[in-house]
Amino acid sequence: QVQLEESGGGPVQAGGSRRLSCAASGRTFTTYALGWFRQVPGKEREFVAAFRWSGSRTYYADFVKGRFTISTDNPKNTIYLELNNLEPEDAATYYCAASLLSCPILTYYGRRSVYGYWGQGTQVTVSS
């Protein structure tokens, strides 16, 4: 079992920044990657970014366009998502997820199906 708890959401003005955190606990040593997804009401949950422990590789959705950065400060315990130059379209509930699958192809971590554990989410609102 892996438990995930997100924090850092809240209101921000367009063009501003926000740093989201995801604290992982439990059998974190079994994870191969952690990812961030987001969802707005009425839409499917979409991939934002992923961090694969092997090789410390990162992978981002195309819409990120260099505005967001995923990082970690210690092995498999906390992962961050730095949101910069936020746009109203970035308003969503952001979810952290953990994958127990070893995917040789990095882009596989953009798929929801490879993640077995999810946090409860943290909401980011962006005002124009």
# chains A, B, ... in the order shown; residues from 1 in each chain; ligands from 1
$ residues_around --residues "A:Arg67" --least-positions-apart "2" --cutoff "12 Å" --atoms "only C-alpha atoms" --output "ChimeraX atom specification"
/A:15-19,48-49,60-65,69-70,81-87,90
$ write_last_selection --atoms "N, CA and C atoms" --output "PDB file, in the first residue's frame"
ATOM      1  N   GLY A  15      -0.821  34.258 -14.501  1.00  0.00           N
ATOM      2  CA  GLY A  15       0.568  34.672 -14.564  1.00  0.00           C
ATOM      3  C   GLY A  15       1.357  34.355 -13.317  1.00  0.00           C
ATOM      4  N   GLY A  16       0.658  33.956 -12.269  1.00  0.00           N
ATOM      5  CA  GLY A  16       1.307  33.657 -11.003  1.00  0.00           C
ATOM      6  C   GLY A  16       1.813  32.231 -10.933  1.00  0.00           C
ATOM      7  N   SER A  17       2.295  31.869  -9.739  1.00  0.00           N
ATOM      8  CA  SER A  17       2.901  30.554  -9.532  1.00  0.00           C
ATOM      9  C   SER A  17       2.297  29.874  -8.313  1.00  0.00           C
ATOM     10  N   ARG A  18       2.457  28.577  -8.299  1.00  0.00           N
ATOM     11  CA  ARG A  18       1.977  27.784  -7.177  1.00  0.00           C
ATOM     12  C   ARG A  18       2.850  26.537  -7.107  1.00  0.00           C
ATOM     13  N   ARG A  19       3.172  26.096  -5.888  1.00  0.00           N
ATOM     14  CA  ARG A  19       3.950  24.878  -5.730  1.00  0.00           C
ATOM     15  C   ARG A  19       3.111  23.832  -5.028  1.00  0.00           C
ATOM     16  N   VAL A  48      -0.288  15.423 -16.472  1.00  0.00           N
ATOM     17  CA  VAL A  48       0.462  16.671 -16.412  1.00  0.00           C
ATOM     18  C   VAL A  48       1.967  16.400 -16.469  1.00  0.00           C
ATOM     19  N   ALA A  49       2.462  15.580 -15.550  1.00  0.00           N
ATOM     20  CA  ALA A  49       3.904  15.338 -15.482  1.00  0.00           C
ATOM     21  C   ALA A  49       4.169  14.056 -14.717  1.00  0.00           C
ATOM     22  N   TYR A  60       6.585  15.313 -19.495  1.00  0.00           N
ATOM     23  CA  TYR A  60       5.545  16.321 -19.360  1.00  0.00           C
ATOM     24  C   TYR A  60       4.538  16.231 -20.497  1.00  0.00           C
ATOM     25  N   ALA A  61       3.325  16.654 -20.169  1.00  0.00           N
ATOM     26  CA  ALA A  61       2.311  16.802 -21.207  1.00  0.00           C
ATOM     27  C   ALA A  61       2.700  17.983 -22.103  1.00  0.00           C
ATOM     28  N   ASP A  62       2.252  17.920 -23.333  1.00  0.00           N
ATOM     29  CA  ASP A  62       2.608  18.968 -24.291  1.00  0.00           C
ATOM     30  C   ASP A  62       2.147  20.348 -23.842  1.00  0.00           C
ATOM     31  N   PHE A  63       0.997  20.416 -23.189  1.00  0.00           N
ATOM     32  CA  PHE A  63       0.446  21.726 -22.841  1.00  0.00           C
ATOM     33  C   PHE A  63       1.269  22.427 -21.750  1.00  0.00           C
ATOM     34  N   VAL A  64       2.143  21.692 -21.083  1.00  0.00           N
ATOM     35  CA  VAL A  64       2.956  22.303 -20.031  1.00  0.00           C
ATOM     36  C   VAL A  64       3.863  23.384 -20.599  1.00  0.00           C
ATOM     37  N   LYS A  65       4.455  23.123 -21.764  1.00  0.00           N
ATOM     38  CA  LYS A  65       5.250  24.119 -22.507  1.00  0.00           C
ATOM     39  C   LYS A  65       6.321  24.772 -21.645  1.00  0.00           C
ATOM     40  N   THR A  69       7.286  22.289 -13.480  1.00  0.00           N
ATOM     41  CA  THR A  69       8.459  21.469 -13.206  1.00  0.00           C
ATOM     42  C   THR A  69       8.133  20.463 -12.116  1.00  0.00           C
ATOM     43  N   ILE A  70       8.414  19.193 -12.392  1.00  0.00           N
ATOM     44  CA  ILE A  70       8.241  18.140 -11.400  1.00  0.00           C
ATOM     45  C   ILE A  70       9.607  17.831 -10.805  1.00  0.00           C
ATOM     46  N   LEU A  81       5.278  19.731  -7.710  1.00  0.00           N
ATOM     47  CA  LEU A  81       4.941  20.232  -9.031  1.00  0.00           C
ATOM     48  C   LEU A  81       4.911  21.743  -8.943  1.00  0.00           C
ATOM     49  N   GLU A  82       5.892  22.365  -9.551  1.00  0.00           N
ATOM     50  CA  GLU A  82       5.972  23.818  -9.568  1.00  0.00           C
ATOM     51  C   GLU A  82       5.201  24.319 -10.783  1.00  0.00           C
ATOM     52  N   LEU A  83       4.192  25.141 -10.501  1.00  0.00           N
ATOM     53  CA  LEU A  83       3.341  25.682 -11.557  1.00  0.00           C
ATOM     54  C   LEU A  83       3.695  27.145 -11.754  1.00  0.00           C
ATOM     55  N   ASN A  84       4.123  27.504 -12.931  1.00  0.00           N
ATOM     56  CA  ASN A  84       4.492  28.882 -13.224  1.00  0.00           C
ATOM     57  C   ASN A  84       3.677  29.419 -14.394  1.00  0.00           C
ATOM     58  N   ASN A  85       3.583  30.741 -14.439  1.00  0.00           N
ATOM     59  CA  ASN A  85       2.867  31.396 -15.538  1.00  0.00           C
ATOM     60  C   ASN A  85       1.495  30.753 -15.739  1.00  0.00           C
ATOM     61  N   LEU A  86       0.747  30.649 -14.663  1.00  0.00           N
ATOM     62  CA  LEU A  86      -0.531  29.960 -14.711  1.00  0.00           C
ATOM     63  C   LEU A  86      -1.546  30.713 -15.559  1.00  0.00           C
ATOM     64  N   GLU A  87      -2.353  29.936 -16.225  1.00  0.00           N
ATOM     65  CA  GLU A  87      -3.417  30.457 -17.069  1.00  0.00           C
ATOM     66  C   GLU A  87      -4.749  30.009 -16.486  1.00  0.00           C
ATOM     67  N   ASP A  90      -5.593  26.430 -16.497  1.00  0.00           N
ATOM     68  CA  ASP A  90      -4.884  25.516 -15.599  1.00  0.00           C
ATOM     69  C   ASP A  90      -5.656  25.249 -14.308  1.00  0.00           C
TER      70      ASP A  90
END
$ select_by_dssp --residues "chain A" --states "helix (DSSP H, G or I)" --output "PyMOL selection string"
chain A and resi 28-30+54-56+62-64+88-90+106-110+112-114
$ atom_distance --atom1 "atom CA of A:Ala92" --atom2 "atom CA of A:Thr30"
28.7 Å
$ closest_residue --among "A:Tyr108, A:Tyr94, A:Phe68, A:Phe37" --to "A:Thr125" --atoms "only C-alpha atoms"
A:Tyr94
$ closest_residue --among "A:Arg57, A:Arg27, A:Arg38, A:Arg45" --to "A:Ile105" --atoms "only C-alpha atoms"
A:Arg57
